[in-house]
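Engineer: Structure: upload31.csv, CSV, C-alpha atoms and all ligand atoms.
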```csv
chain,number,residue,atom,x,y,z
A,1,MET,CA,0.0,0.0,0.0
A,2,ASN,CA,1.3,3.5,-0.9
A,3,LEU,CA,-0.2,5.9,1.6
A,4,SER,CA,2.1,8.6,0.4
A,5,ALA,CA,-0.1,8.9,-2.7
A,6,ILE,CA,-2.7,10.5,-0.6
A,7,THR,CA,-1.9,14.2,-1.2
A,8,PRO,CA,-4.0,17.2,-2.1
A,9,GLU,CA,-2.4,17.3,-5.5
A,10,ASN,CA,-3.3,13.7,-6.3
A,11,LEU,CA,-6.8,14.3,-5.0
A,12,ASN,CA,-7.5,17.0,-7.5
A,13,ILE,CA,-9.4,14.7,-9.8
A,14,SER,CA,-11.2,15.5,-13.0
A,15,THR,CA,-13.9,13.2,-14.4
A,16,ASP,CA,-16.2,13.7,-17.5
A,17,ARG,CA,-18.5,16.1,-15.7
A,18,LEU,CA,-17.0,16.7,-12.3
A,19,ILE,CA,-14.0,18.1,-10.4
A,20,LEU,CA,-13.1,16.5,-7.0
A,21,SER,CA,-10.8,18.2,-4.6
A,22,LEU,CA,-10.1,17.9,-0.9
A,23,MET,CA,-12.2,20.2,1.3
A,24,THR,CA,-10.3,23.1,2.9
A,25,LEU,CA,-11.1,25.7,5.5
A,26,THR,CA,-13.3,27.7,3.1
A,27,ASP,CA,-15.7,24.8,2.6
A,28,LEU,CA,-17.4,24.8,5.9
A,29,SER,CA,-20.7,26.2,4.5
A,30,ASN,CA,-20.9,23.4,1.9
A,31,PHE,CA,-20.1,20.8,4.5
A,32,SER,CA,-22.8,22.3,6.7
A,33,LEU,CA,-25.3,22.3,3.9
A,34,LEU,CA,-25.0,18.5,3.6
A,35,GLN,CA,-24.8,17.8,7.3
A,36,THR,CA,-27.9,19.8,8.2
A,37,ASP,CA,-30.2,18.2,5.7
A,38,VAL,CA,-32.5,16.0,7.7
A,39,GLU,CA,-33.3,13.7,4.7
A,40,LEU,CA,-29.6,13.3,3.7
A,41,MET,CA,-28.6,12.5,7.2
A,42,LYS,CA,-31.5,10.1,7.9
A,43,TYR,CA,-29.3,7.0,7.7
A,44,ILE,CA,-26.0,8.6,8.6
A,45,GLY,CA,-26.4,10.4,11.9
A,46,PRO,CA,-28.1,13.1,13.9
A,47,ILE,CA,-28.1,16.7,13.0
A,48,LEU,CA,-25.4,18.3,15.1
A,49,SER,CA,-25.3,21.8,16.5
A,50,GLY,CA,-23.4,24.4,14.4
A,51,GLU,CA,-20.5,24.2,16.8
A,52,ASP,CA,-20.3,20.4,16.6
A,53,ILE,CA,-20.5,20.4,12.8
A,54,LYS,CA,-17.5,22.8,12.8
A,55,THR,CA,-15.5,20.5,15.1
A,56,LYS,CA,-16.3,17.6,12.8
A,57,PHE,CA,-15.4,19.6,9.7
A,58,LEU,CA,-12.0,20.7,11.2
A,59,ASP,CA,-11.2,17.1,11.9
A,60,ARG,CA,-12.1,16.2,8.3
A,61,ILE,CA,-9.8,18.8,6.8
A,62,LYS,CA,-6.8,17.8,8.9
A,63,PRO,CA,-3.9,16.7,6.7
A,64,PHE,CA,-3.8,13.0,6.2
A,65,ASN,CA,-1.3,11.6,8.7
A,66,GLN,CA,-1.8,7.9,8.0
A,67,GLU,CA,-4.0,7.6,11.0
A,68,GLU,CA,-6.8,4.9,11.1
A,69,GLY,CA,-10.4,6.2,11.3
A,70,HIS,CA,-9.8,9.7,9.9
A,71,TRP,CA,-12.2,10.6,7.1
A,72,LEU,CA,-10.9,12.7,4.3
A,73,THR,CA,-13.6,14.6,2.5
A,74,LEU,CA,-13.7,15.8,-1.1
A,75,ASN,CA,-15.9,18.4,-2.7
A,76,ILE,CA,-17.7,17.5,-5.8
A,77,HIS,CA,-18.3,20.3,-8.2
A,78,ASP,CA,-20.0,20.3,-11.6
A,79,LYS,CA,-17.3,21.2,-14.2
A,80,GLU,CA,-19.6,23.2,-16.4
A,81,THR,CA,-21.4,25.4,-13.8
A,82,ASN,CA,-19.0,25.1,-10.9
A,83,ALA,CA,-22.0,24.3,-8.7
A,84,PHE,CA,-21.3,22.4,-5.5
A,85,VAL,CA,-23.0,19.0,-5.9
A,86,GLY,CA,-22.0,17.0,-2.8
A,87,SER,CA,-19.1,15.3,-1.1
A,88,ILE,CA,-17.3,12.0,-1.3
A,89,GLY,CA,-14.9,10.7,1.3
A,90,PHE,CA,-12.8,7.8,2.4
A,91,LYS,CA,-11.1,6.7,5.6
A,92,LEU,CA,-8.2,4.4,6.3
A,93,ASP,CA,-10.1,1.6,8.0
A,94,SER,CA,-7.2,-0.8,8.8
A,95,ILE,CA,-3.5,-0.4,8.2
A,96,ILE,CA,-2.8,-4.1,8.7
A,97,GLU,CA,-5.5,-5.1,6.3
A,98,GLN,CA,-4.8,-2.3,3.9
A,99,ARG,CA,-8.5,-1.5,3.7
A,100,PHE,CA,-10.3,1.8,3.0
A,101,GLU,CA,-14.0,2.7,3.5
A,102,VAL,CA,-15.8,5.1,1.2
A,103,GLY,CA,-18.9,7.3,1.8
A,104,TYR,CA,-20.8,10.0,0.0
A,105,LEU,CA,-23.7,12.6,0.0
A,106,VAL,CA,-25.3,14.5,-2.8
A,107,LEU,CA,-27.5,17.6,-2.6
A,108,LYS,CA,-31.1,16.6,-3.4
A,109,GLN,CA,-31.3,18.9,-6.4
A,110,PHE,CA,-28.3,17.0,-8.0
A,111,GLY,CA,-29.5,13.5,-7.0
A,112,GLY,CA,-30.3,10.9,-9.6
A,113,LYS,CA,-27.9,12.3,-12.2
A,114,GLY,CA,-25.2,9.6,-11.7
A,115,TYR,CA,-22.8,12.2,-10.2
A,116,ILE,CA,-22.0,10.0,-7.2
A,117,THR,CA,-21.5,7.0,-9.3
A,118,GLU,CA,-19.1,9.0,-11.5
A,119,ALA,CA,-17.2,10.4,-8.4
A,120,GLY,CA,-17.2,7.0,-6.8
A,121,HIS,CA,-15.6,5.4,-9.8
A,122,ALA,CA,-12.8,8.0,-9.6
A,123,ILE,CA,-12.2,7.4,-5.9
A,124,VAL,CA,-12.2,3.6,-6.2
A,125,ASP,CA,-9.8,3.9,-9.1
A,126,PHE,CA,-7.5,6.2,-7.0
A,127,LEU,CA,-7.6,3.8,-4.0
A,128,LEU,CA,-7.0,0.7,-6.1
A,129,ASN,CA,-4.4,2.0,-8.5
A,130,GLN,CA,-2.5,4.8,-6.7
A,131,VAL,CA,-2.9,3.9,-3.0
A,132,MET,CA,-2.8,0.2,-4.0
A,133,VAL,CA,-5.1,-0.8,-1.2
A,134,LYS,CA,-6.0,-4.5,-0.7
A,135,LYS,CA,-9.7,-3.7,-0.3
A,136,VAL,CA,-12.3,-1.0,-0.6
A,137,VAL,CA,-15.4,-1.4,1.6
A,138,ALA,CA,-18.7,0.5,2.1
A,139,TYR,CA,-21.7,0.1,4.4
A,140,CYS,CA,-25.2,1.4,4.5
A,141,THR,CA,-28.6,0.5,5.9
A,142,THR,CA,-30.5,-2.0,3.8
A,143,VAL,CA,-33.3,0.6,3.3
A,144,ASN,CA,-30.9,3.1,1.8
A,145,ILE,CA,-31.5,1.9,-1.7
A,146,GLY,CA,-29.7,4.7,-3.6
A,147,SER,CA,-26.6,4.2,-1.5
A,148,TRP,CA,-26.2,0.4,-2.0
A,149,LYS,CA,-27.1,0.8,-5.7
A,150,VAL,CA,-24.2,3.2,-6.0
A,151,MET,CA,-21.9,0.8,-4.2
A,152,GLY,CA,-22.8,-1.9,-6.8
A,153,LYS,CA,-22.4,0.6,-9.7
A,154,ILE,CA,-18.9,1.5,-8.6
A,155,GLY,CA,-17.8,-2.1,-8.6
A,156,LEU,CA,-18.3,-3.2,-5.0
A,157,HIS,CA,-20.0,-6.5,-4.3
A,158,ARG,CA,-22.5,-7.2,-1.6
A,159,GLU,CA,-20.7,-9.4,0.9
A,160,GLY,CA,-23.1,-9.6,3.8
A,161,GLU,CA,-26.2,-8.4,5.6
A,162,LEU,CA,-25.7,-7.5,9.2
A,163,LYS,CA,-28.7,-7.5,11.5
A,164,SER,CA,-29.5,-4.5,13.8
A,165,ASP,CA,-26.1,-3.1,12.9
A,166,ILE,CA,-26.6,0.6,12.7
A,167,PHE,CA,-28.4,2.7,15.4
A,168,VAL,CA,-29.1,6.0,13.9
A,169,ASN,CA,-31.6,8.7,14.8
A,170,GLU,CA,-33.1,6.4,17.4
A,171,ILE,CA,-33.8,3.5,15.0
A,172,TRP,CA,-32.0,0.2,14.6
A,173,TYR,CA,-31.3,-0.7,11.0
A,174,ASP,CA,-29.9,-3.8,9.3
A,175,SER,CA,-27.0,-3.0,7.1
A,176,TYR,CA,-25.3,-4.3,3.9
A,177,ALA,CA,-21.5,-4.7,3.8
A,178,TYR,CA,-20.1,-4.1,0.3
A,179,GLY,CA,-16.5,-4.7,-0.7
A,180,LEU,CA,-14.0,-4.9,-3.6
A,181,VAL,CA,-10.8,-6.8,-3.4
A,182,ASN,CA,-8.1,-5.2,-5.5
A,183,PRO,CA,-7.5,-7.6,-8.4
A,184,ASN,CA,-4.0,-6.1,-8.9
A,185,PHE,CA,-2.9,-6.1,-5.2
A,186,SER,CA,0.7,-6.9,-4.8
A,187,PRO,CA,2.1,-7.9,-1.4
A,188,ALA,CA,5.3,-6.1,-2.5
A,189,GLY,CA,3.4,-2.9,-2.1
A,190,LEU,CA,3.1,-3.6,1.6
A,191,THR,CA,6.0,-1.3,2.6
A,192,ASP,CA,5.1,2.3,2.1
A,201,LIG,C1,-27.0,7.7,-1.8
A,201,LIG,C2,-26.9,8.9,-2.7
A,201,LIG,C3,-25.5,9.5,-2.6
A,201,LIG,C4,-27.2,8.4,-4.1
A,201,LIG,O1,-27.2,9.6,-4.9
A,201,LIG,P1,-27.7,9.6,-6.4
A,201,LIG,O2,-27.5,10.9,-7.0
A,201,LIG,O3,-29.1,9.0,-6.4
A,201,LIG,O4,-26.7,8.5,-7.1
A,201,LIG,P2,-26.7,8.0,-8.6
A,201,LIG,O5,-27.5,8.9,-9.5
A,201,LIG,O6,-25.2,8.0,-9.0
A,201,LIG,O7,-27.2,6.5,-8.6
A,201,LIG,C5,-28.2,6.1,-7.7
A,201,LIG,C6,-28.9,4.8,-8.2
A,201,LIG,O8,-29.8,4.4,-7.2
A,201,LIG,C7,-31.2,4.6,-7.6
A,201,LIG,N1,-32.0,5.1,-6.5
A,201,LIG,C8,-31.7,6.3,-5.8
A,201,LIG,N2,-32.6,6.4,-4.8
A,201,LIG,C9,-33.4,5.3,-4.9
A,201,LIG,C10,-34.6,4.9,-4.2
A,201,LIG,N3,-35.1,5.5,-3.1
A,201,LIG,N4,-35.2,3.7,-4.6
A,201,LIG,C11,-34.7,3.0,-5.6
A,201,LIG,N5,-33.6,3.4,-6.3
A,201,LIG,C12,-33.0,4.5,-6.0
A,201,LIG,C13,-31.1,5.5,-8.8
A,201,LIG,O9,-32.2,5.4,-9.7
A,201,LIG,C14,-29.8,5.1,-9.4
A,201,LIG,O10,-29.9,3.9,-10.1
A,201,LIG,P3,-30.0,3.7,-11.7
A,201,LIG,O11,-28.8,4.5,-12.3
A,201,LIG,O12,-29.9,2.3,-11.9
A,201,LIG,O13,-31.3,4.4,-12.0
A,201,LIG,C15,-27.9,10.0,-2.3
A,201,LIG,O14,-29.2,9.5,-2.3
A,201,LIG,C16,-27.6,10.6,-0.9
A,201,LIG,O15,-26.9,11.6,-0.8
A,201,LIG,N6,-28.2,10.1,0.1
A,201,LIG,C17,-28.0,10.6,1.5
A,201,LIG,C18,-26.6,10.3,2.0
A,201,LIG,C19,-26.3,8.9,2.1
A,201,LIG,O16,-27.2,8.1,2.6
A,201,LIG,N7,-25.1,8.5,1.8
A,201,LIG,C20,-24.7,7.1,1.8
A,201,LIG,C21,-24.2,6.8,3.2
A,201,LIG,S1,-23.6,5.2,3.3
```
Let me see whether you can do it: turn the structure in this file into structure tokens.
Structural biologist:
Amino acid sequence: MNLSAITPENLNISTDRLILSLMTLTDLSNFSLLQTDVELMKYIGPILSGEDIKTKFLDRIKPFNQEEGHWLTLNIHDKETNAFVGSIGFKLDSIIEQRFEVGYLVLKQFGGKGYITEAGHAIVDFLLNQVMVKKVVAYCTTVNIGSWKVMGKIGLHREGELKSDIFVNEIWYDSYAYGLVNPNFSPAGLTD
């Protein structure tokens, strides 16, 4: 695994319709827009206070220091209009297992256009081919159909259903675990 590939420069990614770039200090309002939308957060977590969202945001924009559990978050902008569309992120889930988890949110007015699928392909490609991870995983509640459809569309496979796995907004949900093992993984890439 090559964790040193995770730099702001390498994470400036252009796809057919989108530009992805790491969130920086100026992106708090976009981050808050997503985090305060009750519908978007329904299966993710409670709506936090402004102060707590800021704390979460400041943690997200910390430089990557190869620490497990730290989510890195990227802005997704429409190339043509420069509109902020949503965010996509990933976290180092396990150093030993060389595994990363991905997650995403899209503003409602930009939903259903395949933007997250497009951004997700780019991030999975980055993780497999530049970071050279062993595995990419994602999780969502079984009722979050849009989310698990995206997971399938970006190449992850459903690996399991976990009962009463996610407790969010006072409700217990079953969840799906999705994963993709890197077909080109090389143990030689183990040393960073
Ligand atoms: C999950 C989410 C990012 C999907 O965004 P999106 O813009 O709909 O994604 P895409 O357009 O790339 O593709 C979604 C697919 O799921 C389908 N879909 C979306 N919502 C659906 C629903 N409620 N029921 C059935 N299918 C649904 C779409 O039709 C599309 O499939 P298709 O291309 O075969 O038609 C968006 O709904 C969201 O931000 N949700 C809230 C945040 C969230 O839950 N994130 C995931 C956390 S694990």
Engineer: Show me which residues are within 9 Å of ligand LIG 201 (chain A) counting only C-alpha atoms and all ligand atoms, and format the list as a PyMOL selection string.
Structural biologist: chain A and resi 34+37+39-44+86-88+102-120+138-141+143-151+153
Engineer: Pick out the closest residue to Lys62 in chain A from this set: A:Phe90, A:Val85, A:Leu22, A:Lys134. Count only C-alpha atoms.
Structural biologist: A:Leu22
Engineer: Compare A:Ala188, A:Ile6, A:Val131, A:Ile154 by their minimum atom-to-atom distance to Phe64 in chain A, counting all atoms listed in the file, and give me the closest one.
Structural biologist: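 With all atoms listed in the file as the atom set, the closest residue is A:Ile6.
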Engineer: When you draw a straight line from CA of Ser186 in chain A to CA of Leu72 in chain A, how long is it in Å?
Structural biologist: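 Separation of CA of Ser186 in chain A and CA of Leu72 in chain A: 24.5 Å.
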Engineer: Residues proximal to (-28.5, -3.9, 13.1) were defined as those with any atom within 9 Å of that point in the file's coordinates, counting all atoms listed in the file. Which are they, as a VMD selection string?
Structural biologist: chain A and resid 141 162 to 167 172 to 175
Engineer: Do you know which residues lie at most 6 Å from (-13.4, 16.9, 3.3), with coordinates as in the file and only C-alpha atoms counted, and could you write them as a PDB file with C-alpha atoms, keeping the file's coordinate frame?
Structural biologist:
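The resulting out-v9.pdb:
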```pdb
ATOM      1  CA  LEU A  22     -10.100  17.900  -0.900  1.00  0.00           C
ATOM      2  CA  MET A  23     -12.200  20.200   1.300  1.00  0.00           C
ATOM      3  CA  ARG A  60     -12.100  16.200   8.300  1.00  0.00           C
ATOM      4  CA  ILE A  61      -9.800  18.800   6.800  1.00  0.00           C
ATOM      5  CA  LEU A  72     -10.900  12.700   4.300  1.00  0.00           C
ATOM      6  CA  THR A  73     -13.600  14.600   2.500  1.00  0.00           C
ATOM      7  CA  LEU A  74     -13.700  15.800  -1.100  1.00  0.00           C
TER       8      LEU A  74
END
```
Engineer: Which of these residues is nearest to Asn12 in chain A, using all atoms listed in the file: A:Ile123, A:Ala83, A:Leu92, A:Leu33?
Structural biologist: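 Counting all atoms listed in the file, the residue closest to Asn12 in chain A is A:Ile123.
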Engineer: Given the choices A:Asn2, A:Asp59, A:Phe84, A:Gln66, which gets closest to Leu20 in chain A if the distance is worked out from all atoms listed in the file?
Structural biologist: A:Phe84
Engineer: How many Å lie between CA of Met132 in chain A and CA of Leu18 in chain A, rounded to one decimal?
Structural biologist: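 Computing the Euclidean distance for CA of Met132 in chain A and CA of Leu18 in chain A yields 23.3 Å.
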Engineer: Select, from A:Asn182, A:Ile171, A:Gln35, A:Leu28, the residue with the minimum atom-to-atom distance to Asn129 in chain A, counting all atoms listed in the file.
Structural biologist: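 Checking each of A:Asn182, A:Ile171, A:Gln35, A:Leu28 against Asn129 in chain A, counting all atoms listed in the file, the winner is A:Asn182.
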Engineer: Which residue is closest to Pro63 in chain A? Choose from A:Asn75, A:Arg99, A:Leu25, A:Ser32 and count all atoms listed in the file.
Structural biologist: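 Distance minimum relative to Pro63 in chain A lands on A:Leu25.
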Engineer: Excluding Glu101 in chain A and its own-chain neighbours fewer than 5 positions away, which residues fall within 10 Å of it when counting only C-alpha atoms? Please give them as an mmCIF file with C-alpha atoms, keeping the file's coordinate frame.
Structural biologist:
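Written out: part20.cif:
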```cif
data_model
loop_
_atom_site.group_PDB
_atom_site.id
_atom_site.type_symbol
_atom_site.label_atom_id
_atom_site.label_comp_id
_atom_site.auth_asym_id
_atom_site.auth_seq_id
_atom_site.Cartn_x
_atom_site.Cartn_y
_atom_site.Cartn_z
ATOM 1 C CA GLY A 69 -10.400 6.200 11.300
ATOM 2 C CA TRP A 71 -12.200 10.600 7.100
ATOM 3 C CA GLY A 89 -14.900 10.700 1.300
ATOM 4 C CA PHE A 90 -12.800 7.800 2.400
ATOM 5 C CA LYS A 91 -11.100 6.700 5.600
ATOM 6 C CA LEU A 92 -8.200 4.400 6.300
ATOM 7 C CA ASP A 93 -10.100 1.600 8.000
ATOM 8 C CA SER A 94 -7.200 -0.800 8.800
ATOM 9 C CA VAL A 124 -12.200 3.600 -6.200
ATOM 10 C CA LEU A 127 -7.600 3.800 -4.000
ATOM 11 C CA LYS A 135 -9.700 -3.700 -0.300
ATOM 12 C CA VAL A 136 -12.300 -1.000 -0.600
ATOM 13 C CA VAL A 137 -15.400 -1.400 1.600
ATOM 14 C CA ALA A 138 -18.700 0.500 2.100
ATOM 15 C CA TYR A 139 -21.700 0.100 4.400
ATOM 16 C CA TYR A 178 -20.100 -4.100 0.300
ATOM 17 C CA GLY A 179 -16.500 -4.700 -0.700
#
```
Engineer: CA of Met1 in chain A and CA of Leu156 in chain A are how many Å apart?
Structural biologist: 19.2 Å
Engineer: For range 47-63 of chain A, supply N, CA and C atoms and format the output as an mmCIF file, in the coordinates of the input.
Structural biologist:
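Printed below is rebuild_7.cif as written:
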```
data_model
loop_
_atom_site.group_PDB
_atom_site.id
_atom_site.type_symbol
_atom_site.label_atom_id
_atom_site.label_comp_id
_atom_site.auth_asym_id
_atom_site.auth_seq_id
_atom_site.Cartn_x
_atom_site.Cartn_y
_atom_site.Cartn_z
ATOM 1 N N ILE A 47 -28.536 15.375 13.351
ATOM 2 C CA ILE A 47 -28.100 16.700 13.000
ATOM 3 C C ILE A 47 -27.441 17.362 14.166
ATOM 4 N N LEU A 48 -26.203 17.716 13.974
ATOM 5 C CA LEU A 48 -25.400 18.300 15.100
ATOM 6 C C LEU A 48 -25.627 19.777 15.174
ATOM 7 N N SER A 49 -25.216 20.331 16.294
ATOM 8 C CA SER A 49 -25.300 21.800 16.500
ATOM 9 C C SER A 49 -24.195 22.407 15.537
ATOM 10 N N GLY A 50 -24.337 23.703 15.252
ATOM 11 C CA GLY A 50 -23.400 24.400 14.400
ATOM 12 C C GLY A 50 -21.942 24.220 14.908
ATOM 13 N N GLU A 51 -21.796 24.293 16.222
ATOM 14 C CA GLU A 51 -20.500 24.200 16.800
ATOM 15 C C GLU A 51 -19.878 22.771 16.602
ATOM 16 N N ASP A 52 -20.745 21.748 16.771
ATOM 17 C CA ASP A 52 -20.300 20.400 16.600
ATOM 18 C C ASP A 52 -19.967 20.049 15.137
ATOM 19 N N ILE A 53 -20.742 20.651 14.231
ATOM 20 C CA ILE A 53 -20.500 20.400 12.800
ATOM 21 C C ILE A 53 -19.092 21.039 12.475
ATOM 22 N N LYS A 54 -18.812 22.204 13.062
ATOM 23 C CA LYS A 54 -17.500 22.800 12.800
ATOM 24 C C LYS A 54 -16.366 21.960 13.324
ATOM 25 N N THR A 55 -16.567 21.385 14.506
ATOM 26 C CA THR A 55 -15.500 20.500 15.100
ATOM 27 C C THR A 55 -15.312 19.289 14.148
ATOM 28 N N LYS A 56 -16.435 18.715 13.663
ATOM 29 C CA LYS A 56 -16.300 17.600 12.800
ATOM 30 C C LYS A 56 -15.615 17.966 11.476
ATOM 31 N N PHE A 57 -15.970 19.142 10.961
ATOM 32 C CA PHE A 57 -15.400 19.600 9.700
ATOM 33 C C PHE A 57 -13.856 19.845 9.904
ATOM 34 N N LEU A 58 -13.459 20.455 11.018
ATOM 35 C CA LEU A 58 -12.000 20.700 11.200
ATOM 36 C C LEU A 58 -11.250 19.419 11.337
ATOM 37 N N ASP A 59 -11.894 18.382 11.863
ATOM 38 C CA ASP A 59 -11.200 17.100 11.900
ATOM 39 C C ASP A 59 -11.094 16.516 10.492
ATOM 40 N N ARG A 60 -12.147 16.693 9.673
ATOM 41 C CA ARG A 60 -12.100 16.200 8.300
ATOM 42 C C ARG A 60 -11.020 16.805 7.451
ATOM 43 N N ILE A 61 -10.752 18.090 7.679
ATOM 44 C CA ILE A 61 -9.800 18.800 6.800
ATOM 45 C C ILE A 61 -8.346 18.705 7.301
ATOM 46 N N LYS A 62 -8.137 17.984 8.398
ATOM 47 C CA LYS A 62 -6.800 17.800 8.900
ATOM 48 C C LYS A 62 -5.948 17.086 7.795
ATOM 49 N N PRO A 63 -4.669 17.445 7.635
ATOM 50 C CA PRO A 63 -3.900 16.700 6.700
ATOM 51 C C PRO A 63 -3.839 15.226 6.983
#
```
